[in-house]
$ cat final_21.cif   # mmCIF, C-alpha atoms and all ligand atoms
data_query
#
loop_
_atom_site.label_atom_id
_atom_site.label_comp_id
_atom_site.auth_asym_id
_atom_site.auth_seq_id
_atom_site.Cartn_x
_atom_site.Cartn_y
_atom_site.Cartn_z
CA MET A 1221 -22.27 -1.95 7.92
CA ILE A 1222 -21.60 -3.83 11.14
CA GLU A 1223 -20.80 -1.80 14.25
CA ASN A 1224 -17.11 -2.59 14.23
CA GLN A 1225 -16.84 -1.45 10.62
CA HIS A 1226 -18.33 1.90 11.68
CA GLN A 1227 -15.63 2.31 14.30
CA LEU A 1228 -12.88 1.43 11.84
CA ASN A 1229 -14.30 3.86 9.31
CA ASN A 1230 -14.44 6.62 11.93
CA SER A 1231 -10.80 5.99 12.89
CA TYR A 1232 -9.76 6.08 9.26
CA GLN A 1233 -11.71 9.28 8.56
CA ASP A 1234 -10.41 11.01 11.69
CA HIS A 1235 -6.76 9.95 11.68
CA GLY A 1236 -6.01 8.54 8.21
CA TYR A 1237 -5.08 5.11 9.57
CA PHE A 1238 -5.82 2.32 12.02
CA VAL A 1239 -4.10 -0.86 13.11
CA ILE A 1240 -5.67 -4.18 14.03
CA ARG A 1241 -3.36 -6.28 16.18
CA ASN A 1242 -3.13 -10.06 15.63
CA TYR A 1243 -5.69 -9.96 12.86
CA PHE A 1244 -4.18 -12.88 10.95
CA SER A 1245 -3.31 -16.28 12.39
CA ILE A 1246 0.19 -17.79 12.36
CA SER A 1247 -0.89 -20.27 9.69
CA GLU A 1248 -2.42 -17.56 7.47
CA ILE A 1249 0.79 -15.56 7.64
CA SER A 1250 3.10 -18.51 7.09
CA ALA A 1251 1.16 -19.62 3.98
CA LEU A 1252 1.33 -16.07 2.63
CA ARG A 1253 5.00 -15.69 3.54
CA GLU A 1254 5.91 -18.86 1.65
CA VAL A 1255 4.50 -17.51 -1.62
CA VAL A 1256 5.78 -13.97 -1.14
CA LEU A 1257 9.30 -15.23 -0.40
CA LYS A 1258 9.26 -17.15 -3.70
CA PHE A 1259 8.42 -13.92 -5.47
CA HIS A 1260 11.06 -11.99 -3.53
CA GLN A 1261 13.87 -14.47 -4.31
CA ALA A 1262 13.07 -14.49 -8.02
CA TRP A 1263 12.66 -10.71 -8.12
CA LYS A 1264 15.98 -10.12 -6.34
CA GLN A 1265 17.84 -12.35 -8.79
CA ASP A 1266 16.28 -10.66 -11.77
CA ASN A 1267 16.88 -7.14 -10.41
CA ALA A 1268 20.25 -7.76 -8.75
CA THR A 1269 21.85 -4.38 -9.46
CA PHE A 1270 18.77 -2.33 -8.60
CA TYR A 1271 18.28 -4.39 -5.44
CA ARG A 1272 21.89 -3.95 -4.35
CA GLU A 1273 22.10 -0.24 -5.12
CA GLU A 1274 18.84 1.45 -4.26
CA ALA A 1275 15.65 -0.64 -4.06
CA PHE A 1276 13.41 -0.70 -0.99
CA ASN A 1277 10.33 -2.15 -2.64
CA SER A 1278 9.01 -4.18 -5.54
CA SER A 1279 5.51 -4.30 -7.00
CA LEU A 1280 3.15 -6.46 -9.08
CA ILE A 1281 3.54 -9.37 -6.67
CA THR A 1282 0.36 -10.96 -8.08
CA GLY A 1283 1.67 -10.68 -11.66
CA SER A 1284 2.71 -13.55 -13.90
CA GLN A 1285 6.42 -12.71 -14.21
CA TYR A 1286 7.74 -14.44 -11.09
CA LEU A 1287 4.96 -16.65 -9.72
CA ALA A 1288 3.24 -19.72 -11.11
CA SER A 1289 -0.50 -19.83 -11.43
CA ASP A 1290 -1.23 -21.73 -8.18
CA ASP A 1291 0.86 -19.28 -6.15
CA ARG A 1292 -0.97 -16.36 -7.75
CA VAL A 1293 -4.27 -18.00 -6.82
CA THR A 1294 -3.05 -18.25 -3.21
CA LEU A 1295 -2.33 -14.52 -3.22
CA PHE A 1296 -5.64 -13.59 -4.83
CA ASN A 1297 -7.48 -15.75 -2.29
CA PHE A 1298 -5.72 -14.04 0.59
CA ILE A 1299 -6.33 -10.54 -0.80
CA GLY A 1300 -9.96 -11.19 -1.68
CA SER A 1301 -10.75 -13.23 1.45
CA LYS A 1302 -13.82 -12.37 3.52
CA LYS A 1303 -11.50 -11.50 6.37
CA MET A 1304 -9.64 -8.94 4.31
CA MET A 1305 -12.80 -7.68 2.58
CA ASN A 1306 -14.47 -6.96 5.95
CA ILE A 1307 -11.78 -4.36 6.51
CA VAL A 1308 -11.64 -3.12 2.91
CA ASP A 1309 -15.43 -2.59 2.98
CA ALA A 1310 -15.16 -0.68 6.25
CA VAL A 1311 -12.93 1.90 4.56
CA ILE A 1312 -14.38 1.92 1.02
CA ALA A 1313 -18.09 1.17 1.20
CA ASN A 1314 -18.98 1.04 -2.49
CA ASN A 1315 -17.30 -1.28 -4.99
CA PRO A 1316 -13.70 -1.12 -3.73
CA ALA A 1317 -11.26 -1.98 -6.52
CA PHE A 1318 -7.87 -3.70 -6.45
CA MET A 1319 -4.98 -1.59 -7.72
CA ASN A 1320 -1.71 -3.43 -7.07
CA THR A 1321 0.56 -4.90 -4.42
CA GLN A 1322 3.96 -3.72 -3.24
CA LEU A 1323 6.55 -5.50 -1.14
CA PHE A 1324 8.65 -3.37 1.23
CA PHE A 1325 12.03 -4.57 2.48
CA ASN A 1326 15.22 -3.08 3.91
CA PRO A 1327 17.55 -1.42 1.40
CA VAL A 1328 20.87 -3.24 1.08
CA ASN A 1329 22.81 -0.01 1.41
CA PRO A 1330 22.85 0.92 5.13
CA GLN A 1331 23.34 4.59 4.21
CA GLN A 1332 19.89 4.70 2.62
CA LYS A 1333 17.53 6.44 5.02
CA ASP A 1334 13.78 6.08 5.46
CA PHE A 1335 12.07 9.18 4.06
CA TRP A 1336 8.87 11.16 4.60
CA HIS A 1337 6.48 11.55 1.69
CA ARG A 1338 2.93 11.56 0.45
CA ASP A 1339 2.44 9.06 -2.40
CA CYS A 1340 0.72 11.76 -4.52
CA GLN A 1341 3.93 13.81 -4.64
CA TYR A 1342 5.33 11.42 -7.27
CA ASP A 1343 2.46 12.21 -9.64
CA HIS A 1344 1.63 15.85 -8.94
CA ASP A 1345 3.29 19.16 -8.26
CA ILE A 1346 2.59 21.02 -5.03
CA GLU A 1347 -0.50 22.94 -6.13
CA ILE A 1348 -2.23 19.77 -7.39
CA GLN A 1349 -1.15 17.84 -4.26
CA LYS A 1350 -2.99 20.48 -2.20
CA GLN A 1351 -6.15 19.63 -4.13
CA VAL A 1352 -5.88 15.85 -4.36
CA ILE A 1353 -5.54 15.35 -0.61
CA HIS A 1354 -9.16 16.54 -0.39
CA GLU A 1355 -10.27 13.95 -2.92
CA THR A 1356 -10.52 10.17 -2.80
CA GLN A 1357 -7.23 8.53 -1.83
CA VAL A 1358 -5.67 5.16 -2.49
CA VAL A 1359 -5.64 3.02 0.67
CA HIS A 1360 -2.76 0.76 1.72
CA PHE A 1361 -3.47 -2.45 3.63
CA ARG A 1362 -0.10 -3.43 5.09
CA VAL A 1363 0.45 -7.04 6.06
CA PRO A 1364 3.85 -7.46 7.76
CA LEU A 1365 5.27 -10.93 7.17
CA PHE A 1366 7.87 -10.58 9.95
CA ASP A 1367 7.99 -8.34 13.02
CA GLU A 1368 9.18 -4.90 11.96
CA LEU A 1369 9.72 -1.36 13.23
CA GLY A 1370 6.70 -0.52 11.13
CA MET A 1371 5.60 2.86 9.86
CA GLU A 1372 5.74 6.42 11.08
CA LEU A 1373 2.67 8.46 10.21
CA ILE A 1374 1.47 11.99 10.84
CA PRO A 1375 -2.15 11.51 11.96
CA GLY A 1376 -4.65 13.78 10.23
CA THR A 1377 -2.44 14.69 7.26
CA HIS A 1378 -4.71 12.72 4.91
CA LYS A 1379 -7.05 15.70 5.24
CA ARG A 1380 -4.80 18.66 5.90
CA TRP A 1381 -1.88 20.31 4.16
CA ASP A 1382 1.71 20.29 5.49
CA SER A 1383 2.94 22.50 8.31
CA GLU A 1384 6.05 24.47 7.38
CA GLU A 1385 8.23 21.89 9.19
CA GLU A 1386 6.58 19.01 7.30
CA HIS A 1387 6.82 20.79 3.97
CA ASN A 1388 10.51 21.59 4.36
CA VAL A 1389 11.41 18.02 5.33
CA ARG A 1390 9.24 16.26 2.76
CA GLN A 1391 10.34 18.57 -0.05
CA GLU A 1392 13.93 18.89 1.23
CA GLU A 1393 13.89 22.66 1.41
CA LYS A 1394 15.71 25.18 3.65
CA GLY A 1395 18.48 22.71 4.51
CA CYS A 1396 16.10 19.93 5.60
CA GLU A 1397 16.34 16.33 4.40
CA SER A 1398 13.46 13.93 3.96
CA HIS A 1399 14.74 11.58 6.69
CA HIS A 1400 14.81 14.26 9.41
CA GLU A 1401 12.58 13.75 12.45
CA LEU A 1402 9.13 15.36 12.33
CA SER A 1403 7.55 16.49 15.59
CA GLY A 1404 4.09 15.07 14.80
CA GLY A 1405 5.35 11.61 13.81
CA LYS A 1406 3.66 8.59 15.38
CA LYS A 1407 5.65 5.35 15.18
CA ILE A 1408 3.57 2.22 14.76
CA GLU A 1409 5.59 -0.91 15.40
CA LEU A 1410 4.12 -3.94 13.65
CA ALA A 1411 4.25 -7.68 14.27
CA ALA A 1412 3.54 -10.49 11.83
CA GLY A 1413 -0.24 -10.98 12.01
CA ASP A 1414 -1.09 -7.28 12.44
CA LEU A 1415 -2.88 -5.29 9.75
CA LEU A 1416 -2.17 -1.59 9.26
CA VAL A 1417 -4.52 0.44 7.08
CA PHE A 1418 -3.43 3.93 6.01
CA SER A 1419 -4.04 6.57 3.40
CA ALA A 1420 -1.40 6.72 0.67
CA ASP A 1421 -1.55 10.50 0.67
CA MET A 1422 -0.99 11.14 4.36
CA ILE A 1423 2.58 12.05 5.33
CA HIS A 1424 4.34 8.80 6.19
CA ARG A 1425 7.54 6.79 6.04
CA GLY A 1426 8.46 3.14 6.40
CA LEU A 1427 10.94 2.46 9.20
CA TYR A 1428 13.88 0.35 8.06
CA GLY A 1429 15.23 -2.32 10.37
CA LEU A 1430 14.75 -5.86 11.71
CA ASP A 1431 13.84 -8.36 8.97
CA ARG A 1432 11.07 -6.31 7.48
CA LEU A 1433 9.13 -7.74 4.57
CA ALA A 1434 5.69 -6.19 4.32
CA LEU A 1435 3.06 -6.87 1.70
CA ASP A 1436 1.02 -3.75 0.93
CA ILE A 1437 -2.28 -4.27 -0.86
CA LEU A 1438 -3.42 -1.10 -2.62
CA VAL A 1439 -7.14 -0.53 -3.06
CA PHE A 1440 -9.07 2.40 -4.52
CA ASP A 1441 -12.55 3.83 -4.52
CA PRO A 1442 -14.00 3.88 -8.06
CA GLU A 1443 -15.06 7.49 -7.36
CA GLY A 1444 -11.36 8.32 -7.85
CA ASP A 1445 -9.70 8.37 -11.23
CA PHE A 1446 -7.18 5.58 -10.62
CA VAL A 1447 -7.99 2.81 -13.07
CA ASP A 1448 -5.21 3.87 -15.46
CA TYR A 1449 -2.68 3.03 -12.74
CA VAL A 1450 -3.67 -0.64 -12.81
CA ASP A 1451 -1.36 -2.97 -14.74
CA ASN A 1452 -3.46 -5.72 -16.39
CA ASP A 1453 -0.89 -8.36 -15.49
CA CYS A 1454 -1.47 -7.97 -11.75
CA LEU A 1455 -5.14 -8.92 -12.18
CA PRO A 1456 -6.37 -12.51 -12.35
CA PRO A 1457 -6.88 -13.64 -15.95
CA ILE A 1458 -10.49 -14.60 -16.75
CA GLY A 1459 -9.71 -18.35 -16.53
CA MET A 1460 -8.42 -17.93 -12.98
CA LEU A 1461 -11.47 -16.16 -11.56
CA ASP A 1462 -13.35 -19.37 -10.78
CA LYS A 1463 -10.43 -20.50 -8.57
CA ILE A 1464 -10.80 -17.40 -6.42
CA GLU A 1465 -13.33 -17.79 -3.66
CA ASN A 1466 -14.25 -14.10 -3.42
CA PRO A 1467 -13.19 -12.39 -6.65
CA ARG A 1468 -15.29 -9.22 -6.04
CA LEU A 1469 -12.31 -6.86 -5.48
CA PHE A 1470 -10.75 -7.93 -8.80
CA MET A 1471 -14.07 -8.03 -10.68
CA ASN A 1472 -14.61 -4.39 -9.73
CA THR A 1473 -11.29 -3.43 -11.30
CA LEU A 1474 -11.94 -5.55 -14.39
CA ASP A 1475 -15.31 -3.79 -14.79
CA LEU A 1476 -13.72 -0.36 -14.48
CA LYS A 1477 -11.05 -1.38 -17.00
CA SER A 1478 -13.57 -2.53 -19.57
CA LYS A 1479 -15.67 0.62 -19.11
CA ALA A 1480 -12.54 2.75 -19.59
CA GLU A 1481 -11.69 0.83 -22.78
CA LEU A 1482 -15.21 1.28 -24.16
CA TYR A 1483 -15.02 4.99 -23.36
CA GLN A 1484 -11.70 5.32 -25.21
CA LYS A 1485 -13.09 3.57 -28.27
CA ALA A 1486 -16.24 5.75 -28.38
O1 LIG B 1 7.71 1.01 3.96
C1 LIG B 1 8.24 1.84 3.24
O2 LIG B 1 9.44 1.84 2.98
C2 LIG B 1 7.44 2.95 2.65
C3 LIG B 1 6.02 2.63 2.60
C4 LIG B 1 5.29 3.58 1.77
O3 LIG B 1 5.73 4.64 1.50
C5 LIG B 1 4.00 3.24 1.25
O4 LIG B 1 3.51 2.15 1.55
O5 LIG B 1 3.44 4.07 0.52
#
$ encode --input "final_21.cif" --output "structure tokens" --more "lines below"
Ligand SMILES: O=C(O)CCC(=O)C(=O)O
Amino acid sequence: MIENQHQLNNSYQDHGYFVIRNYFSISEISALREVVLKFHQAWKQDNATFYREEAFNSSLITGSQYLASDDRVTLFNFIGSKKMMNIVDAVIANNPAFMNTQLFFNPVNPQQKDFWHRDCQYDHDIEIQKQVIHETQVVHFRVPLFDELGMELIPGTHKRWDSEEEHNVRQEEKGCESHHELSGGKKIELAAGDLLVFSADMIHRGLYGLDRLALDILVFDPEGDFVDYVDNDCLPPIGMLDKIENPRLFMNTLDLKSKAELYQKA
């Protein structure tokens, strides 16, 4: 591991996140933005009611439903690029695997408020959440495509359980609501070109405002039991792999998928 990767890993282990300013060039971001906007337009049309009433994100950006093959290749090349993999490898040293992508935007309804959560709360009840935060966690690599207010995170909560204040807000108990201010919150404003890396299970919220459109790339450590969360359609089909310069991140997921299938058949 190169020295800088050590430092990034230490920051991630200690705080649950780090940000690299101006990591991507203007031309890298504008090429990515062009493809992602195609997806976003098509997705909005197809999900008009959901978009208008409650949506704040979409997923499966690399899937085949809204993008043509050459645009998917552009995305896979960005995600798997050496530049991105230098950072992915700093956080997950052994065989990091691609899980999915999500696109975060502002909800149409101005009454909809940004809300604190841990991603694991949507899969597990409280007692299991207390355990899983001590296990391997999914990592988000957020690539803002426009300048945005960014994210608010509670440093250290990837490794520790909620304070009473955090619990009441996140779970909406004792009169609290999930958009209320939390005293430990750290706001991280982001500009197009920055890269924010954070643990999915730390307490966090996206901050709505400006023209936000952020591509989150979700990656997991094969030590964790996450392969069942991967939708086959967001992976490159076999015939596309030779068009991807560095397909390692996707190959790792495909390997895990085929091992899981063999295991199920046995
Ligand atoms: O940006 C948002 O609206 C929320 C982001 C988030 O919760 C996530 O990336 O897990």
$ atom_distance --input "final_21.cif" --atom1 "atom CA of Gln1261 of chain A" --atom2 "atom CA of Leu1433 of chain A"
12.1 Å
$ residues_around --input "final_21.cif" --residues "Asn1306 of chain A" --least-positions-apart "2" --cutoff "12 Å" --atoms "all atoms listed in the file" --output "list in words"
Met1221, Ile1222, Glu1223, Asn1224, Gln1225, His1226, Leu1228, Asn1229, Tyr1243, Ile1299, Gly1300, Ser1301, Lys1302, Lys1303, Met1304, Val1308, Asp1309, Ala1310, Val1311, Ile1312, Ala1313, Pro1316, Asn1466 and Leu1469 of chain A
$ closest_residue --input "final_21.cif" --among "A:Ile1240, A:Met1319, A:Val1256, A:Leu1435" --to "ligand LIG 1 (chain B)" --atoms "all atoms listed in the file"
A:Leu1435
$ closest_residue --input "final_21.cif" --among "A:Asn1277, A:Gln1484, A:Asn1320, A:Leu1416" --to "Phe1296 of chain A" --atoms "only C-alpha atoms"
A:Asn1320
$ closest_atom_pairs --input "final_21.cif" --of "chain A" --to "ligand LIG 1 (chain B)" --cutoff "7 Å" --atoms "only C-alpha atoms and all ligand atoms" --output "JSON lines"
{"residue": "A:Phe1276", "atom": "CA", "partner": "B:LIG1", "partner_atom": "O2", "distance": 6.2}
{"residue": "A:Asn1277", "atom": "CA", "partner": "B:LIG1", "partner_atom": "O2", "distance": 6.9}
{"residue": "A:Phe1324", "atom": "CA", "partner": "B:LIG1", "partner_atom": "O1", "distance": 5.2}
{"residue": "A:Phe1325", "atom": "CA", "partner": "B:LIG1", "partner_atom": "O2", "distance": 6.9}
{"residue": "A:Asp1334", "atom": "CA", "partner": "B:LIG1", "partner_atom": "O2", "distance": 6.6}
{"residue": "A:His1337", "atom": "CA", "partner": "B:LIG1", "partner_atom": "O3", "distance": 7.0}
{"residue": "A:Asp1339", "atom": "CA", "partner": "B:LIG1", "partner_atom": "O5", "distance": 5.9}
{"residue": "A:His1360", "atom": "CA", "partner": "B:LIG1", "partner_atom": "O4", "distance": 6.4}
{"residue": "A:Met1371", "atom": "CA", "partner": "B:LIG1", "partner_atom": "O1", "distance": 6.5}
{"residue": "A:Ala1420", "atom": "CA", "partner": "B:LIG1", "partner_atom": "O5", "distance": 5.5}
{"residue": "A:His1424", "atom": "CA", "partner": "B:LIG1", "partner_atom": "O3", "distance": 6.4}
{"residue": "A:Arg1425", "atom": "CA", "partner": "B:LIG1", "partner_atom": "C2", "distance": 5.1}
{"residue": "A:Gly1426", "atom": "CA", "partner": "B:LIG1", "partner_atom": "O1", "distance": 3.3}
{"residue": "A:Leu1427", "atom": "CA", "partner": "B:LIG1", "partner_atom": "O1", "distance": 6.3}
{"residue": "A:Tyr1428", "atom": "CA", "partner": "B:LIG1", "partner_atom": "O2", "distance": 6.9}
{"residue": "A:Asp1436", "atom": "CA", "partner": "B:LIG1", "partner_atom": "O4", "distance": 6.4}
$ closest_residue --input "final_21.cif" --among "A:Ala1251, A:Ile1307, A:Ala1412, A:Leu1295" --to "Tyr1232 of chain A" --atoms "all atoms listed in the file"
A:Ile1307
$ residues_around --input "final_21.cif" --residues "Ala1317 of chain A" --least-positions-apart "5" --cutoff "7 Å" --atoms "all atoms listed in the file" --output "list of chain:residue names"
A:Val1439, A:Phe1440, A:Asp1441, A:Pro1442, A:Leu1469, A:Phe1470, A:Asn1472, A:Thr1473
$ residues_near_point --input "final_21.cif" --point "(-3.1, 16.6, 0.7)" --cutoff "8 Å" --atoms "all atoms listed in the file" --output "list in words"
Arg1338, Gln1349, Lys1350, Gln1351, Val1352, Ile1353, His1354, Thr1377, His1378, Lys1379, Arg1380, Trp1381, Asp1382, Asp1421 and Met1422 of chain A
$ closest_residue --input "final_21.cif" --among "A:Pro1364, A:Gly1395, A:Gly1404, A:Pro1467" --to "Phe1244 of chain A" --atoms "all atoms listed in the file"
A:Pro1364
$ atom_distance --input "final_21.cif" --atom1 "atom CA of His1235 of chain A" --atom2 "atom CA of Leu1280 of chain A"
28.3 Å
$ closest_residue --input "final_21.cif" --among "A:Glu1355, A:Glu1384, A:Glu1248, A:Asp1266" --to "Phe1446 of chain A" --atoms "all atoms listed in the file"
A:Glu1355
$ decode --input "final_21.cif" --residues "segment 1392-1415 of chain A" --atoms "N, CA, C and O atoms" --output "CSV table (one decimal), in the first residue's frame"
chain,number,residue,atom,x,y,z
A,1392,GLU,N,-37.0,8.5,15.5
A,1392,GLU,CA,-38.2,9.4,15.7
A,1392,GLU,C,-38.9,8.9,16.9
A,1392,GLU,O,-40.1,8.6,16.9
A,1393,GLU,N,-38.2,9.0,18.1
A,1393,GLU,CA,-38.8,8.7,19.3
A,1393,GLU,C,-38.8,9.9,20.2
A,1393,GLU,O,-38.1,10.9,20.0
A,1394,LYS,N,-39.7,9.8,21.3
A,1394,LYS,CA,-39.8,10.9,22.3
A,1394,LYS,C,-39.9,12.3,21.6
A,1394,LYS,O,-39.3,13.3,22.0
A,1395,GLY,N,-40.8,12.4,20.6
A,1395,GLY,CA,-41.1,13.6,20.0
A,1395,GLY,C,-40.1,14.2,19.0
A,1395,GLY,O,-40.3,15.2,18.5
A,1396,CYS,N,-39.1,13.4,18.8
A,1396,CYS,CA,-38.0,13.9,17.8
A,1396,CYS,C,-38.4,13.4,16.4
A,1396,CYS,O,-39.1,12.5,16.2
A,1397,GLU,N,-37.9,14.2,15.5
A,1397,GLU,CA,-38.1,13.8,14.0
A,1397,GLU,C,-36.7,13.7,13.4
A,1397,GLU,O,-35.7,14.3,13.8
A,1398,SER,N,-36.7,12.8,12.3
A,1398,SER,CA,-35.4,12.4,11.8
A,1398,SER,C,-34.6,13.6,11.1
A,1398,SER,O,-33.5,13.4,10.7
A,1399,HIS,N,-35.3,14.7,10.9
A,1399,HIS,CA,-34.6,15.9,10.3
A,1399,HIS,C,-34.1,16.8,11.3
A,1399,HIS,O,-33.4,17.8,11.0
A,1400,HIS,N,-34.3,16.6,12.6
A,1400,HIS,CA,-33.9,17.5,13.6
A,1400,HIS,C,-32.3,17.6,13.7
A,1400,HIS,O,-31.7,16.6,13.3
A,1401,GLU,N,-31.8,18.7,14.1
A,1401,GLU,CA,-30.4,18.9,14.2
A,1401,GLU,C,-29.8,17.9,15.2
A,1401,GLU,O,-30.4,17.6,16.2
A,1402,LEU,N,-28.6,17.5,14.9
A,1402,LEU,CA,-27.9,16.6,15.9
A,1402,LEU,C,-26.6,17.4,16.3
A,1402,LEU,O,-25.9,17.9,15.4
A,1403,SER,N,-26.3,17.3,17.6
A,1403,SER,CA,-25.1,18.2,18.0
A,1403,SER,C,-23.8,17.8,17.5
A,1403,SER,O,-22.9,18.6,17.3
A,1404,GLY,N,-23.6,16.4,17.2
A,1404,GLY,CA,-22.3,16.0,16.7
A,1404,GLY,C,-22.2,16.1,15.1
A,1404,GLY,O,-21.2,15.6,14.6
A,1405,GLY,N,-23.2,16.7,14.5
A,1405,GLY,CA,-23.2,16.6,13.0
A,1405,GLY,C,-22.0,17.5,12.4
A,1405,GLY,O,-21.7,18.6,12.9
A,1406,LYS,N,-21.4,16.9,11.4
A,1406,LYS,CA,-20.3,17.7,10.7
A,1406,LYS,C,-20.8,17.8,9.2
A,1406,LYS,O,-20.9,16.8,8.5
A,1407,LYS,N,-21.0,19.0,8.8
A,1407,LYS,CA,-21.4,19.3,7.4
A,1407,LYS,C,-20.2,19.3,6.5
A,1407,LYS,O,-19.3,20.0,6.7
A,1408,ILE,N,-20.3,18.5,5.4
A,1408,ILE,CA,-19.2,18.5,4.4
A,1408,ILE,C,-19.8,19.0,3.1
A,1408,ILE,O,-20.4,18.2,2.3
A,1409,GLU,N,-19.5,20.3,2.8
A,1409,GLU,CA,-20.0,20.8,1.5
A,1409,GLU,C,-19.1,20.2,0.4
A,1409,GLU,O,-17.9,19.9,0.6
A,1410,LEU,N,-19.7,19.9,-0.7
A,1410,LEU,CA,-19.0,19.3,-1.8
A,1410,LEU,C,-19.1,20.0,-3.1
A,1410,LEU,O,-20.1,20.6,-3.4
A,1411,ALA,N,-18.0,20.0,-3.9
A,1411,ALA,CA,-18.0,20.6,-5.2
A,1411,ALA,C,-17.8,19.6,-6.2
A,1411,ALA,O,-17.2,18.5,-5.9
A,1412,ALA,N,-18.3,19.8,-7.5
A,1412,ALA,CA,-18.0,18.9,-8.5
A,1412,ALA,C,-16.5,18.7,-8.7
A,1412,ALA,O,-15.8,19.7,-8.7
A,1413,GLY,N,-16.1,17.4,-8.7
A,1413,GLY,CA,-14.6,17.1,-8.7
A,1413,GLY,C,-14.1,16.5,-7.4
A,1413,GLY,O,-13.1,15.9,-7.4
A,1414,ASP,N,-14.9,16.8,-6.3
A,1414,ASP,CA,-14.5,16.2,-5.0
A,1414,ASP,C,-14.9,14.7,-5.0
A,1414,ASP,O,-15.8,14.3,-5.7
A,1415,LEU,N,-14.3,14.0,-4.1
A,1415,LEU,CA,-14.7,12.6,-3.8
A,1415,LEU,C,-14.9,12.5,-2.3
A,1415,LEU,O,-14.0,12.7,-1.5
